[in-house]
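With compact mmCIF, C-alpha atoms inside, this is target-v6.txt:
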# COMPACT_ATOMS: atom_id res chain seq x y z
CA MET I 1 -5.67 -10.30 40.51
CA PRO I 2 -2.96 -9.30 42.97
CA ASP I 3 -3.27 -6.06 44.84
CA PRO I 4 -1.63 -3.49 42.64
CA LYS I 5 1.35 -1.61 43.97
CA THR I 6 0.56 2.07 43.97
CA ASP I 7 3.53 3.68 45.67
CA ASP I 8 5.83 5.70 43.48
CA ALA I 9 8.89 3.52 43.98
CA SER I 10 7.07 0.37 42.93
CA LEU I 11 5.52 2.08 39.96
CA ASP I 12 8.91 3.37 38.86
CA GLY I 13 10.35 -0.13 39.08
CA LEU I 14 7.47 -1.54 37.09
CA ALA I 15 7.89 1.17 34.48
CA ALA I 16 11.59 0.41 34.15
CA ALA I 17 10.87 -3.29 33.72
CA ALA I 18 8.11 -2.57 31.23
CA ARG I 19 10.51 -0.45 29.26
CA ARG I 20 12.73 -3.51 28.87
CA GLY I 21 9.80 -5.45 27.45
CA ASP I 22 8.37 -7.14 30.53
CA ARG I 23 4.67 -7.47 29.81
CA GLN I 24 3.85 -8.57 33.33
CA ALA I 25 5.47 -5.43 34.66
CA LEU I 26 3.52 -3.37 32.16
CA ALA I 27 0.28 -4.95 33.32
CA GLY I 28 1.23 -4.26 36.93
CA LEU I 29 2.05 -0.67 36.07
CA LEU I 30 -1.34 -0.16 34.46
CA ARG I 31 -3.10 -1.73 37.42
CA GLY I 32 -1.18 0.49 39.79
CA LEU I 33 -2.05 3.61 37.83
CA GLN I 34 -5.61 2.90 36.89
CA ASP I 35 -7.23 4.47 39.98
CA THR I 36 -5.13 7.60 39.71
CA LEU I 37 -5.90 7.95 36.04
CA TRP I 38 -9.56 7.32 36.70
CA ARG I 39 -9.74 10.05 39.33
CA VAL I 40 -7.93 12.56 37.15
CA CYS I 41 -10.10 11.84 34.15
CA VAL I 42 -13.33 12.00 36.14
CA SER I 43 -12.34 15.30 37.70
CA GLN I 44 -11.37 16.75 34.35
CA LEU I 45 -14.19 15.41 32.22
CA GLY I 46 -17.00 15.08 34.77
CA ASP I 47 -18.60 12.22 32.89
CA LEU I 48 -18.01 8.63 33.86
CA GLU I 49 -18.41 7.24 30.37
CA GLN I 50 -16.11 9.82 28.90
CA ALA I 51 -13.68 9.29 31.74
CA GLU I 52 -13.57 5.55 31.13
CA GLU I 53 -12.82 6.07 27.47
CA ALA I 54 -10.18 8.61 28.37
CA VAL I 55 -8.55 6.21 30.81
CA GLN I 56 -8.40 3.47 28.22
CA GLU I 57 -7.00 5.84 25.64
CA THR I 58 -4.43 6.97 28.16
CA ALA I 59 -3.49 3.39 28.84
CA SER I 60 -3.07 2.74 25.13
CA ARG I 61 -0.76 5.71 24.85
CA LEU I 62 1.19 4.58 27.86
CA VAL I 63 1.68 1.14 26.36
CA SER I 64 2.89 2.70 23.14
CA ALA I 65 5.22 5.14 24.88
CA VAL I 66 6.53 3.05 27.72
CA GLY I 67 9.68 2.35 25.75
CA ALA I 68 10.46 6.05 25.81
CA PHE I 69 10.02 6.47 29.55
CA ALA I 70 13.31 8.01 30.62
CA GLY I 71 12.68 8.18 34.34
CA ARG I 72 13.19 11.92 34.62
CA SER I 73 9.93 12.07 36.58
CA THR I 74 7.96 9.50 38.46
CA ALA I 75 5.86 7.05 36.55
CA ARG I 76 2.73 8.46 38.18
CA THR I 77 3.53 11.98 37.06
CA TRP I 78 4.42 10.75 33.62
CA ALA I 79 1.12 8.88 33.32
CA ILE I 80 -0.93 11.78 34.64
CA GLY I 81 0.61 13.95 31.96
CA PHE I 82 -0.77 11.56 29.36
CA ALA I 83 -4.17 11.61 31.03
CA LEU I 84 -4.27 15.38 31.09
CA ASN I 85 -3.46 15.53 27.40
CA VAL I 86 -6.22 13.07 26.61
CA CYS I 87 -8.71 15.00 28.71
CA ARG I 88 -7.73 18.28 27.07
CA GLU I 89 -8.25 16.81 23.65
CA ARG I 90 -11.60 15.38 24.62
CA ARG I 91 -12.81 18.59 26.20
CA ARG I 92 -11.80 20.60 23.18
CA ARG I 93 -13.43 18.07 20.92
CA ARG I 94 -16.82 18.12 22.54
CA ARG I 95 -16.66 21.65 23.94
CA PHE I 96 -17.43 20.56 27.41
CA ALA I 97 -19.92 23.17 28.56
CA ASP I 98 -22.36 21.27 30.72
CA ASP I 99 -22.39 23.07 34.06
CA SER I 100 -23.91 20.12 35.84
CA ALA I 101 -21.54 17.55 34.46
CA LEU I 102 -19.45 17.25 37.56
CA VAL I 103 -22.51 17.25 39.74
CA ASP I 104 -24.44 14.70 37.77
CA HIS I 105 -22.00 11.86 37.93
CA PRO I 106 -23.42 9.14 40.15
CA ASP I 107 -22.37 8.85 43.71
CA ASP I 108 -22.74 5.27 44.87
CA ARG I 109 -22.82 6.28 48.50
CA PRO I 110 -26.29 7.22 49.70
CA ALA I 111 -26.50 10.65 51.18
CA PRO I 112 -28.25 10.69 54.53
CA ASP I 113 -30.41 13.57 55.43
CA GLN I 114 -27.98 14.83 58.00
CA HIS I 115 -25.33 15.16 55.35
CA ALA I 116 -27.52 16.87 52.82
CA ALA I 117 -25.93 20.21 53.48
CA ALA I 118 -22.44 18.79 53.09
CA VAL I 119 -23.39 17.07 49.87
CA GLU I 120 -24.84 20.29 48.58
CA GLN I 121 -21.67 22.12 49.44
CA ALA I 122 -19.59 19.43 47.76
CA ASP I 123 -21.69 19.67 44.63
CA ALA I 124 -21.27 23.41 44.62
CA LEU I 125 -17.53 23.02 44.96
CA ARG I 126 -17.37 20.50 42.12
CA ARG I 127 -19.40 22.80 39.96
CA ALA I 128 -17.11 25.69 40.78
CA ILE I 129 -14.04 23.60 39.98
CA SER I 130 -15.54 22.52 36.69
CA ASP I 131 -16.09 26.14 35.80
CA LEU I 132 -12.45 26.98 36.28
CA PRO I 133 -10.19 27.53 33.30
CA GLU I 134 -8.29 24.51 32.11
CA ARG I 135 -4.95 25.14 33.78
CA GLN I 136 -6.49 26.25 37.06
CA ARG I 137 -8.72 23.19 37.16
CA GLU I 138 -5.80 20.88 36.46
CA ALA I 139 -3.66 22.57 39.09
CA ILE I 140 -6.35 22.39 41.78
CA THR I 141 -7.10 18.78 40.97
CA LEU I 142 -3.51 17.62 41.10
CA ARG I 143 -2.40 19.81 43.97
CA TYR I 144 -5.33 19.40 46.33
CA LEU I 145 -7.23 16.33 45.25
CA GLU I 146 -4.29 14.16 44.21
CA GLN I 147 -2.06 15.78 46.83
CA MET I 148 0.86 16.11 44.51
CA THR I 149 3.64 18.55 45.18
CA VAL I 150 4.01 21.73 43.18
CA ARG I 151 6.94 20.23 41.34
CA GLN I 152 5.08 17.06 40.46
CA THR I 153 2.10 19.12 39.37
CA ALA I 154 4.34 21.21 37.17
CA GLU I 155 5.89 18.09 35.65
CA ALA I 156 2.48 16.59 34.96
CA MET I 157 1.17 19.80 33.45
CA ALA I 158 4.41 20.35 31.54
CA CYS I 159 4.86 23.86 32.79
CA ALA I 160 6.93 25.76 35.31
CA GLU I 161 6.39 25.61 39.02
CA GLY I 162 5.64 29.32 39.11
CA THR I 163 2.88 28.77 36.61
CA VAL I 164 1.38 26.15 38.88
CA LYS I 165 1.53 28.44 41.88
CA ALA I 166 -0.09 31.26 40.00
CA ALA I 167 -2.79 28.98 38.64
CA ILE I 168 -3.56 27.66 42.12
CA TRP I 169 -3.76 31.14 43.58
CA GLN I 170 -6.12 32.29 40.86
CA ALA I 171 -8.21 29.14 41.22
CA ILE I 172 -8.63 29.56 44.95
CA ARG I 173 -9.65 33.16 44.48
CA ARG I 174 -12.24 32.15 41.90
CA LEU I 175 -13.57 29.39 44.12
CA ARG I 176 -13.97 31.72 47.03
CA GLN I 177 -15.86 34.11 44.85
CA ALA I 178 -18.06 31.38 43.45
CA LEU I 179 -18.93 29.47 46.59
CA PRO I 180 -21.65 30.92 48.79
CA HIS I 181 -20.92 32.09 52.30
CA GLN I 182 -17.29 32.36 51.47
CA PRO I 183 -15.60 35.64 52.28
CA VAL I 184 -13.42 36.84 49.48
CA GLU I 185 -9.85 36.72 50.66
CA THR I 186 -7.16 38.06 48.48
CA GLN I 187 -4.28 37.10 50.69
CA ALA I 188 -1.82 34.72 49.06
CA ASN I 189 -1.70 32.38 51.99
CA HIS I 190 -2.26 29.38 49.80
CA PRO I 191 -0.52 26.07 50.45
CA MET H 1 -8.92 26.33 58.47
CA SER H 2 -11.17 28.21 56.22
CA GLU H 3 -14.43 26.85 54.95
CA LEU H 4 -13.00 26.39 51.49
CA LYS H 5 -10.20 24.23 52.78
CA ARG H 6 -12.63 22.08 54.70
CA GLN H 7 -14.72 21.64 51.62
CA LEU H 8 -11.66 20.82 49.58
CA GLU H 9 -10.59 18.27 52.16
CA ALA H 10 -14.02 16.65 52.06
CA LEU H 11 -13.93 16.60 48.32
CA ARG H 12 -10.47 15.06 48.40
CA ARG H 13 -11.62 12.20 50.61
CA GLU H 14 -14.45 11.49 48.24
CA HIS H 15 -12.10 11.86 45.30
CA THR H 16 -9.55 9.44 46.75
CA GLY H 17 -12.21 6.84 47.34
CA ARG H 18 -12.92 6.42 43.67
CA ARG H 19 -11.82 3.18 42.07
CA TYR H 20 -11.56 2.35 38.44
CA PRO H 21 -14.40 -0.05 37.57
CA GLY H 22 -12.38 -2.69 35.79
CA ASP H 23 -8.89 -3.88 34.98
CA LEU H 24 -6.89 -1.46 32.91
CA ALA H 25 -4.38 -4.17 32.05
CA SER H 26 -7.04 -5.67 29.81
CA VAL H 27 -6.09 -3.11 27.17
CA LEU H 28 -2.97 -5.16 26.65
CA ALA H 29 -3.48 -7.47 23.71
CA PRO H 30 -2.95 -11.12 24.49
CA GLU H 31 0.42 -12.39 23.50
CA PRO H 32 0.35 -14.16 20.17
CA GLN H 33 0.50 -17.87 20.58
CA PRO H 34 3.05 -19.56 18.34
CA ALA H 35 1.47 -21.79 15.78
CA ARG H 36 2.12 -25.48 16.03
CA PRO H 37 5.08 -26.62 13.96
CA ALA H 38 3.02 -29.15 12.02
CA ALA H 39 0.50 -26.52 11.04
CA ARG H 40 3.24 -24.15 9.97
CA VAL H 41 4.94 -26.85 7.88
CA ALA H 42 1.65 -27.73 6.25
CA LEU H 43 0.99 -24.12 5.51
CA ALA H 44 4.43 -23.68 3.98
CA VAL H 45 4.04 -26.79 1.82
CA ALA H 46 0.63 -25.68 0.65
CA SER H 47 1.99 -22.26 -0.25
CA ALA H 48 4.89 -23.78 -2.16
CA LEU H 49 2.58 -26.09 -4.08
CA THR H 50 0.32 -23.19 -4.94
CA VAL H 51 3.22 -21.16 -6.23
CA ALA H 52 4.56 -24.07 -8.24
CA ALA H 53 1.17 -24.73 -9.79
CA SER H 54 0.83 -21.08 -10.67
CA LEU H 55 4.23 -21.07 -12.33
CA LEU H 56 3.44 -24.20 -14.32
CA LEU H 57 0.16 -22.73 -15.42
CA ALA H 58 1.87 -19.52 -16.45
CA VAL H 59 4.51 -21.42 -18.41
CA TRP H 60 1.91 -23.56 -20.15
CA TRP H 61 -0.20 -20.56 -20.98
CA GLY H 62 2.79 -18.61 -22.19
CA SER H 63 3.90 -21.41 -24.46
CA GLY H 64 0.38 -21.62 -25.86
CA THR H 65 0.12 -17.95 -26.59
CA GLY H 66 3.60 -17.91 -28.09
CA ARG H 67 2.50 -19.93 -31.06
CA VAL H 68 1.74 -18.25 -34.32
CA ASP H 69 -1.85 -18.87 -35.13
CA GLU H 70 -1.43 -18.29 -38.80
CA PRO H 71 1.11 -19.27 -41.37
CA SER H 72 4.11 -17.14 -40.87
CA ALA H 73 4.04 -15.53 -44.27
CA LEU H 74 0.44 -14.54 -43.92
CA ALA H 75 0.96 -13.42 -40.39
CA ASN H 76 3.75 -11.14 -41.40
CA ALA H 77 1.78 -9.96 -44.36
CA GLU H 78 -1.12 -9.12 -42.12
CA THR H 79 1.16 -7.39 -39.73
CA GLY H 80 2.63 -5.37 -42.47
CA GLU H 81 -0.82 -4.48 -43.65
CA GLU H 82 -1.95 -3.49 -40.23
CA ALA H 83 1.12 -1.40 -39.73
CA GLY H 84 -0.31 1.04 -42.22
CA GLY H 85 2.04 2.81 -44.46
CA ALA H 86 5.01 2.15 -42.33
CA ALA H 87 6.02 -1.04 -44.04
CA ASP H 88 5.25 0.18 -47.50
CA ALA H 89 7.00 3.41 -46.88
CA THR H 90 10.22 1.62 -46.27
CA VAL H 91 9.96 -0.78 -49.17
CA GLY H 92 10.88 1.64 -51.81
CA GLU H 93 14.43 2.52 -52.56
CA PRO H 94 15.04 6.05 -51.52
CA ALA H 95 16.23 8.63 -53.88
CA GLY H 96 19.90 8.97 -54.26
CA GLY H 97 20.61 5.33 -53.71
CA GLN H 98 21.27 5.72 -50.05
CA PRO H 99 19.76 2.74 -48.30
CA SER H 100 20.18 4.16 -44.89
CA GLN H 101 17.70 6.89 -45.62
CA ALA H 102 15.03 4.31 -46.08
CA ALA H 103 15.80 2.58 -42.89
CA SER H 104 13.19 4.42 -40.98
CA VAL H 105 12.19 2.72 -37.80
CA ALA H 106 8.53 2.63 -37.06
CA VAL H 107 7.22 3.21 -33.61
CA ASP H 108 5.80 -0.11 -32.55
CA SER H 109 5.96 -0.06 -28.83
CA GLY H 110 5.64 3.53 -27.89
CA ASP H 111 9.35 3.95 -27.58
CA ALA H 112 9.96 7.61 -28.11
CA THR H 113 13.56 7.06 -29.05
CA ASN H 114 12.50 5.27 -32.21
CA ALA H 115 10.13 7.96 -33.36
CA GLY H 116 11.01 9.53 -36.63
CA ALA H 117 13.65 8.79 -39.15
CA SER H 118 17.01 10.34 -39.30
CA PRO H 119 18.95 11.12 -42.44
CA ALA H 120 21.75 8.97 -43.73
CA GLY H 121 24.43 11.21 -42.47
CA ASP H 122 23.09 11.17 -38.96
CA SER H 123 25.49 8.76 -37.37
CA ALA H 124 24.01 9.33 -33.94
CA GLY H 125 20.58 8.39 -35.19
CA SER H 126 21.97 5.27 -36.82
CA ARG H 127 23.70 4.25 -33.67
CA ARG H 128 20.52 4.86 -31.73
CA ARG H 129 18.54 2.74 -34.15
CA ILE H 130 21.09 -0.01 -33.98
CA ALA H 131 21.06 0.16 -30.22
CA ASN H 132 17.30 0.00 -30.13
CA ALA H 133 17.24 -2.89 -32.55
CA SER H 134 19.83 -4.74 -30.54
CA ARG H 135 17.87 -4.14 -27.39
CA ARG H 136 14.75 -5.54 -28.99
CA GLN H 137 16.68 -8.53 -30.26
CA ALA H 138 18.04 -9.13 -26.82
CA GLU H 139 14.51 -9.01 -25.49
CA ASP H 140 13.46 -11.55 -28.14
CA GLY H 141 16.36 -13.80 -27.37
CA ILE H 142 18.34 -13.00 -30.52
CA VAL H 143 21.90 -12.08 -29.80
CA GLY H 144 24.24 -10.57 -32.29
CA TRP H 145 21.81 -9.77 -35.05
CA PRO H 146 22.17 -8.42 -37.65
CA ARG H 147 25.84 -9.18 -37.91
CA GLN H 148 25.79 -12.75 -36.72
CA LEU H 149 22.37 -14.06 -37.50
CA PRO H 150 22.01 -15.25 -41.10
CA VAL H 151 19.59 -13.18 -43.03
CA ARG H 152 18.04 -16.04 -44.85
CA TYR H 153 17.24 -18.82 -42.60
CA ARG H 154 15.11 -21.75 -43.36
CA PRO H 155 14.41 -24.10 -40.54
CA ALA H 156 15.46 -27.68 -40.96
CA THR H 157 12.16 -28.94 -39.73
CA PRO H 158 8.80 -27.67 -40.79
CA ILE H 159 7.29 -25.12 -38.53
CA ARG H 160 4.20 -26.52 -37.04
CA GLN H 161 1.61 -23.97 -36.39
CA SER H 162 -1.84 -24.20 -35.00
CA PRO H 163 -4.37 -22.08 -36.85
CA VAL H 164 -6.88 -21.88 -34.08
CA ARG H 165 -6.37 -22.69 -30.46
CA GLY H 166 -8.41 -25.69 -29.58
CA SER H 167 -9.34 -26.42 -33.16
CA THR H 168 -9.31 -29.95 -34.47
CA ALA H 169 -7.11 -28.87 -37.34
CA SER H 170 -4.41 -27.77 -35.02
CA ARG H 171 -1.38 -28.30 -37.23
CA VAL H 172 -0.88 -26.89 -40.68
CA GLU H 173 2.25 -27.11 -42.65
CA PRO H 174 3.01 -23.63 -43.83
CA TRP H 175 3.85 -24.62 -47.38
CA LEU H 176 0.72 -26.64 -47.80
CA TRP H 177 -1.55 -23.69 -47.54
CA PRO H 178 -2.49 -23.71 -51.24
CA ARG H 179 -4.18 -27.02 -50.72
CA SER H 180 -6.33 -25.55 -48.06
CA ALA H 181 -8.18 -23.58 -50.64
CA ALA H 182 -9.06 -26.80 -52.37
CA GLY H 183 -11.22 -27.76 -49.46
CA THR H 184 -9.09 -30.62 -48.26
CA ARG H 185 -9.12 -29.45 -44.68
CA SER H 186 -11.51 -27.84 -42.30
CA PRO H 187 -12.95 -24.47 -43.27
CA ALA H 188 -11.25 -22.77 -40.39
CA SER H 189 -7.85 -24.00 -41.36
CA ALA H 190 -8.58 -23.31 -44.99
CA VAL H 191 -9.49 -19.75 -44.21
CA LEU H 192 -6.45 -19.33 -42.09
CA ALA H 193 -4.18 -21.06 -44.55
CA SER H 194 -5.38 -19.18 -47.58
CA PRO H 195 -3.91 -15.78 -48.23
CA LYS H 196 -6.25 -13.07 -47.20
CA PRO H 197 -7.22 -10.68 -49.95
CA SER H 198 -6.64 -7.73 -47.69
CA ALA H 199 -2.94 -8.46 -47.52
CA SER H 200 -1.12 -6.32 -49.97
CA PRO H 201 1.31 -8.01 -52.38
CA ALA H 202 4.08 -5.78 -51.19
CA ALA H 203 3.55 -6.83 -47.62
CA ALA H 204 3.38 -10.47 -48.55
CA GLN H 205 6.54 -10.12 -50.54
CA LEU H 206 8.08 -8.37 -47.63
CA ALA H 207 7.23 -11.31 -45.44
CA THR H 208 8.26 -14.12 -47.71
CA GLY H 209 11.05 -12.57 -49.66
CA GLN H 210 9.66 -14.05 -52.83
CA PRO H 211 6.81 -13.22 -55.12
CA THR H 212 3.58 -14.04 -53.46
CA PRO H 213 2.25 -17.36 -54.71
CA GLN H 214 -1.31 -17.21 -55.81
CA PRO H 215 -3.61 -19.62 -54.08
CA VAL H 216 -5.12 -22.32 -56.14
CA ALA H 217 -8.79 -21.83 -56.71
CA ALA H 218 -11.23 -24.19 -55.12
CA ALA H 219 -12.38 -25.39 -58.52
CA ALA H 220 -8.87 -26.02 -59.79
CA PRO H 221 -8.20 -29.40 -61.33
CA PRO H 222 -6.64 -32.01 -59.03
CA ALA H 223 -3.51 -32.14 -61.13
CA LEU H 224 -2.89 -28.47 -60.58
CA ALA H 225 -3.57 -28.87 -56.88
CA SER H 226 -1.14 -31.72 -56.59
CA ALA H 227 1.44 -29.75 -58.53
CA ALA H 228 1.01 -26.91 -56.13
CA ALA H 229 1.37 -29.33 -53.28
CA LYS H 230 4.53 -30.77 -54.71
CA ARG H 231 5.95 -27.38 -55.38
CA ARG H 232 8.93 -26.52 -53.33
CA PRO H 233 7.85 -24.43 -50.42
CA PRO H 234 8.88 -20.82 -50.53
CA ALA H 235 11.98 -19.94 -48.69
CA ALA H 236 10.94 -18.55 -45.40
CA PHE H 237 12.71 -16.48 -42.91
CA HIS H 238 12.80 -17.50 -39.40
CA PRO H 239 9.47 -16.38 -38.00
CA ARG H 240 11.12 -14.52 -35.19
CA LEU H 241 13.29 -12.65 -37.62
CA LYS H 242 10.35 -11.80 -39.83
CA ARG H 243 8.34 -10.69 -36.86
CA LEU H 244 11.18 -8.51 -35.81
CA ALA H 245 11.62 -7.12 -39.28
CA THR H 246 7.93 -6.40 -39.53
CA SER H 247 7.87 -4.68 -36.20
CA LEU H 248 10.82 -2.60 -37.23
CA SER H 249 9.37 -2.05 -40.70
CA LEU H 250 12.68 -2.99 -42.24
CA SER H 251 11.83 -4.18 -45.68
CA LYS H 252 15.49 -4.55 -46.53
CA ILE H 253 15.67 -7.56 -44.33
CA ALA H 254 13.25 -9.37 -46.54
CA THR H 255 14.28 -8.03 -49.91
CA ARG H 256 18.01 -7.74 -49.58
CA SER H 257 20.61 -10.06 -48.39
CA GLU H 258 22.39 -7.55 -46.29
CA SER H 259 21.19 -5.38 -43.52
CA PRO H 260 20.75 -1.68 -44.03
CA PHE H 261 22.61 -1.19 -40.80
CA ARG H 262 25.82 -2.30 -42.41
CA SER H 263 25.96 0.73 -44.58
Please render this file's structure as structure tokens.
Amino acid sequence: MPDPKTDDASLDGLAAAARRGDRQALAGLLRGLQDTLWRVCVSQLGDLEQAEEAVQETASRLVSAVGAFAGRSTARTWAIGFALNVCRERRRRRRFADDSALVDHPDDRPAPDQHAAAVEQADALRRAISDLPERQREAITLRYLEQMTVRQTAEAMACAEGTVKAAIWQAIRRLRQALPHQPVETQANHP
Amino acid sequence: MSELKRQLEALRREHTGRRYPGDLASVLAPEPQPARPAARVALAVASALTVAASLLLAVWWGSGTGRVDEPSALANAETGEEAGGAADATVGEPAGGQPSQAASVAVDSGDATNAGASPAGDSAGSRRRIANASRRQAEDGIVGWPRQLPVRYRPATPIRQSPVRGSTASRVEPWLWPRSAAGTRSPASAVLASPKPSASPAAAQLATGQPTPQPVAAAAPPALASAAAKRRPPAAFHPRLKRLATSLSLSKIATRSESPFRS
């Protein structure tokens, strides 16, 4: 399997070719998006099995809707929008309420003793993110973990950029309140 | 950098390192492989042969079921009997000498337009009855009746009818049915050929157009039986016409030489 192209320009080209009926381009597009979709689904669902099903369902929807891809946004943003919709539906369906879901997913890297404190802090942060409301969790995930711009985040979430900024500000405030040893800062010096 | 940002950065590095465990392109269904031309041709030929065999079977079966299993006169008589009072109700001449009043059309196929009789002066009802009758005739393959088809029609060749499907006595001449009572043929054909007692004389007369001949008794002398055999067969309507007349309960077709629709 060739190394998938993951940059936005290549993905946009593959999406345009797939829209014209090129199945090879469609396969390349899915391979280029699969890691991004996997990360988004894991961060939103917190369960690897559920995330894998969500990724496959997202891929099915992408295949069905690739003919309608108009190119108004990048293919990555467009695909993440599908993944977010799938994750929302799945969370609403099963009423995702397990507090330890994000913490319990397996980490294949062994944690040395010297990093135990860091791992504990990371688990606490994941738990705090999982406790966030839906929009705030999506905004934090896309903005900080996927390093998308505010505009791309807004396109993926299908909302305004101001909504994204407000959601990020509220999410950071909640995280600071939830995490231990974190002074509560109300200043809006968020990225 | 605040502690939260450091933690978020650490979480981002871990988050970015995740890889999907598999190939997402596998959700794409494999492209359908075109069937080999020979296989497609064979499949098409087999389908055509199957369709042709089905059509032949349907035609054969339809021709078999289209036969009249009983002598036409008796069949019509039975039909008239089974039709209840509909046939008898239209036999009689209506009061006032207006034939069209008696031309009531019985409901035989659930057609609501035929329900009920209309008086003689109802020209719309007459036209509707004529239209319905013409439509039925067109469905039966008769075109132009009653104005073009002769009322009395006797076929040039004897109508061969099979009393029972699959029976050994498969062909019975309709005018030889009196002999069947004499025991000269199989019991099944004799029963079918002999007039059934349940058939009313009016219905039989309706079907044949002539007084109903009485069957010869089984113990009749041979001379009488041969005389009955040599007797000229009763004039018979075309079976399709009689069937149509029975279904329409139009006794005038059988008893009069002109159609009640001409009035």
9 Å contacts from chain I to chain H using only C-alpha atoms, as a ChimeraX atom specification = /I:23,26-31,33-39,43,52,55-56,59-60,63,118,121-122,125-126,141,144-147,172,175-176,179,181-182
Residue selection dump (C-alpha atoms) as a PDB file, in the coordinates of the input:
ATOM      1  CA  ARG I  23       4.670  -7.470  29.810  1.00  0.00           C
ATOM      2  CA  LEU I  26       3.520  -3.370  32.160  1.00  0.00           C
ATOM      3  CA  ALA I  27       0.280  -4.950  33.320  1.00  0.00           C
ATOM      4  CA  GLY I  28       1.230  -4.260  36.930  1.00  0.00           C
ATOM      5  CA  LEU I  29       2.050  -0.670  36.070  1.00  0.00           C
ATOM      6  CA  LEU I  30      -1.340  -0.160  34.460  1.00  0.00           C
ATOM      7  CA  ARG I  31      -3.100  -1.730  37.420  1.00  0.00           C
ATOM      8  CA  LEU I  33      -2.050   3.610  37.830  1.00  0.00           C
ATOM      9  CA  GLN I  34      -5.610   2.900  36.890  1.00  0.00           C
ATOM     10  CA  ASP I  35      -7.230   4.470  39.980  1.00  0.00           C
ATOM     11  CA  THR I  36      -5.130   7.600  39.710  1.00  0.00           C
ATOM     12  CA  LEU I  37      -5.900   7.950  36.040  1.00  0.00           C
ATOM     13  CA  TRP I  38      -9.560   7.320  36.700  1.00  0.00           C
ATOM     14  CA  ARG I  39      -9.740  10.050  39.330  1.00  0.00           C
ATOM     15  CA  SER I  43     -12.340  15.300  37.700  1.00  0.00           C
ATOM     16  CA  GLU I  52     -13.570   5.550  31.130  1.00  0.00           C
ATOM     17  CA  VAL I  55      -8.550   6.210  30.810  1.00  0.00           C
ATOM     18  CA  GLN I  56      -8.400   3.470  28.220  1.00  0.00           C
ATOM     19  CA  ALA I  59      -3.490   3.390  28.840  1.00  0.00           C
ATOM     20  CA  SER I  60      -3.070   2.740  25.130  1.00  0.00           C
ATOM     21  CA  VAL I  63       1.680   1.140  26.360  1.00  0.00           C
ATOM     22  CA  ALA I 118     -22.440  18.790  53.090  1.00  0.00           C
ATOM     23  CA  GLN I 121     -21.670  22.120  49.440  1.00  0.00           C
ATOM     24  CA  ALA I 122     -19.590  19.430  47.760  1.00  0.00           C
ATOM     25  CA  LEU I 125     -17.530  23.020  44.960  1.00  0.00           C
ATOM     26  CA  ARG I 126     -17.370  20.500  42.120  1.00  0.00           C
ATOM     27  CA  THR I 141      -7.100  18.780  40.970  1.00  0.00           C
ATOM     28  CA  TYR I 144      -5.330  19.400  46.330  1.00  0.00           C
ATOM     29  CA  LEU I 145      -7.230  16.330  45.250  1.00  0.00           C
ATOM     30  CA  GLU I 146      -4.290  14.160  44.210  1.00  0.00           C
ATOM     31  CA  GLN I 147      -2.060  15.780  46.830  1.00  0.00           C
ATOM     32  CA  ILE I 172      -8.630  29.560  44.950  1.00  0.00           C
ATOM     33  CA  LEU I 175     -13.570  29.390  44.120  1.00  0.00           C
ATOM     34  CA  ARG I 176     -13.970  31.720  47.030  1.00  0.00           C
ATOM     35  CA  LEU I 179     -18.930  29.470  46.590  1.00  0.00           C
ATOM     36  CA  HIS I 181     -20.920  32.090  52.300  1.00  0.00           C
ATOM     37  CA  GLN I 182     -17.290  32.360  51.470  1.00  0.00           C
TER      38      GLN I 182
END
Counting all atoms listed in the file, which of I:Leu142, I:Ala79, I:Ala54, I:Ile129 gets nearest to I:Ala178?
-> I:Ile129
Contacts of I:Ala70 at 12 Å (all atoms listed in the file; same-chain gap of 2+ positions) as a list in words |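 My reading of the contact set: Asp12, Ala15, Ala16, Ala17, Ala18, Arg19, Arg20, Ala65, Val66, Gly67, Ala68, Arg72, Ser73, Thr74, Ala75 and Trp78 of chain I.
When atom CA of H:Arg240 is paired with atom CA of H:Ala52, their separation reads 29.3 Å.
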Ref. answer, residues at most 12 Å from (4.1, 28.2, 38.1) with all atoms listed in the file, as a count of residues only | 24
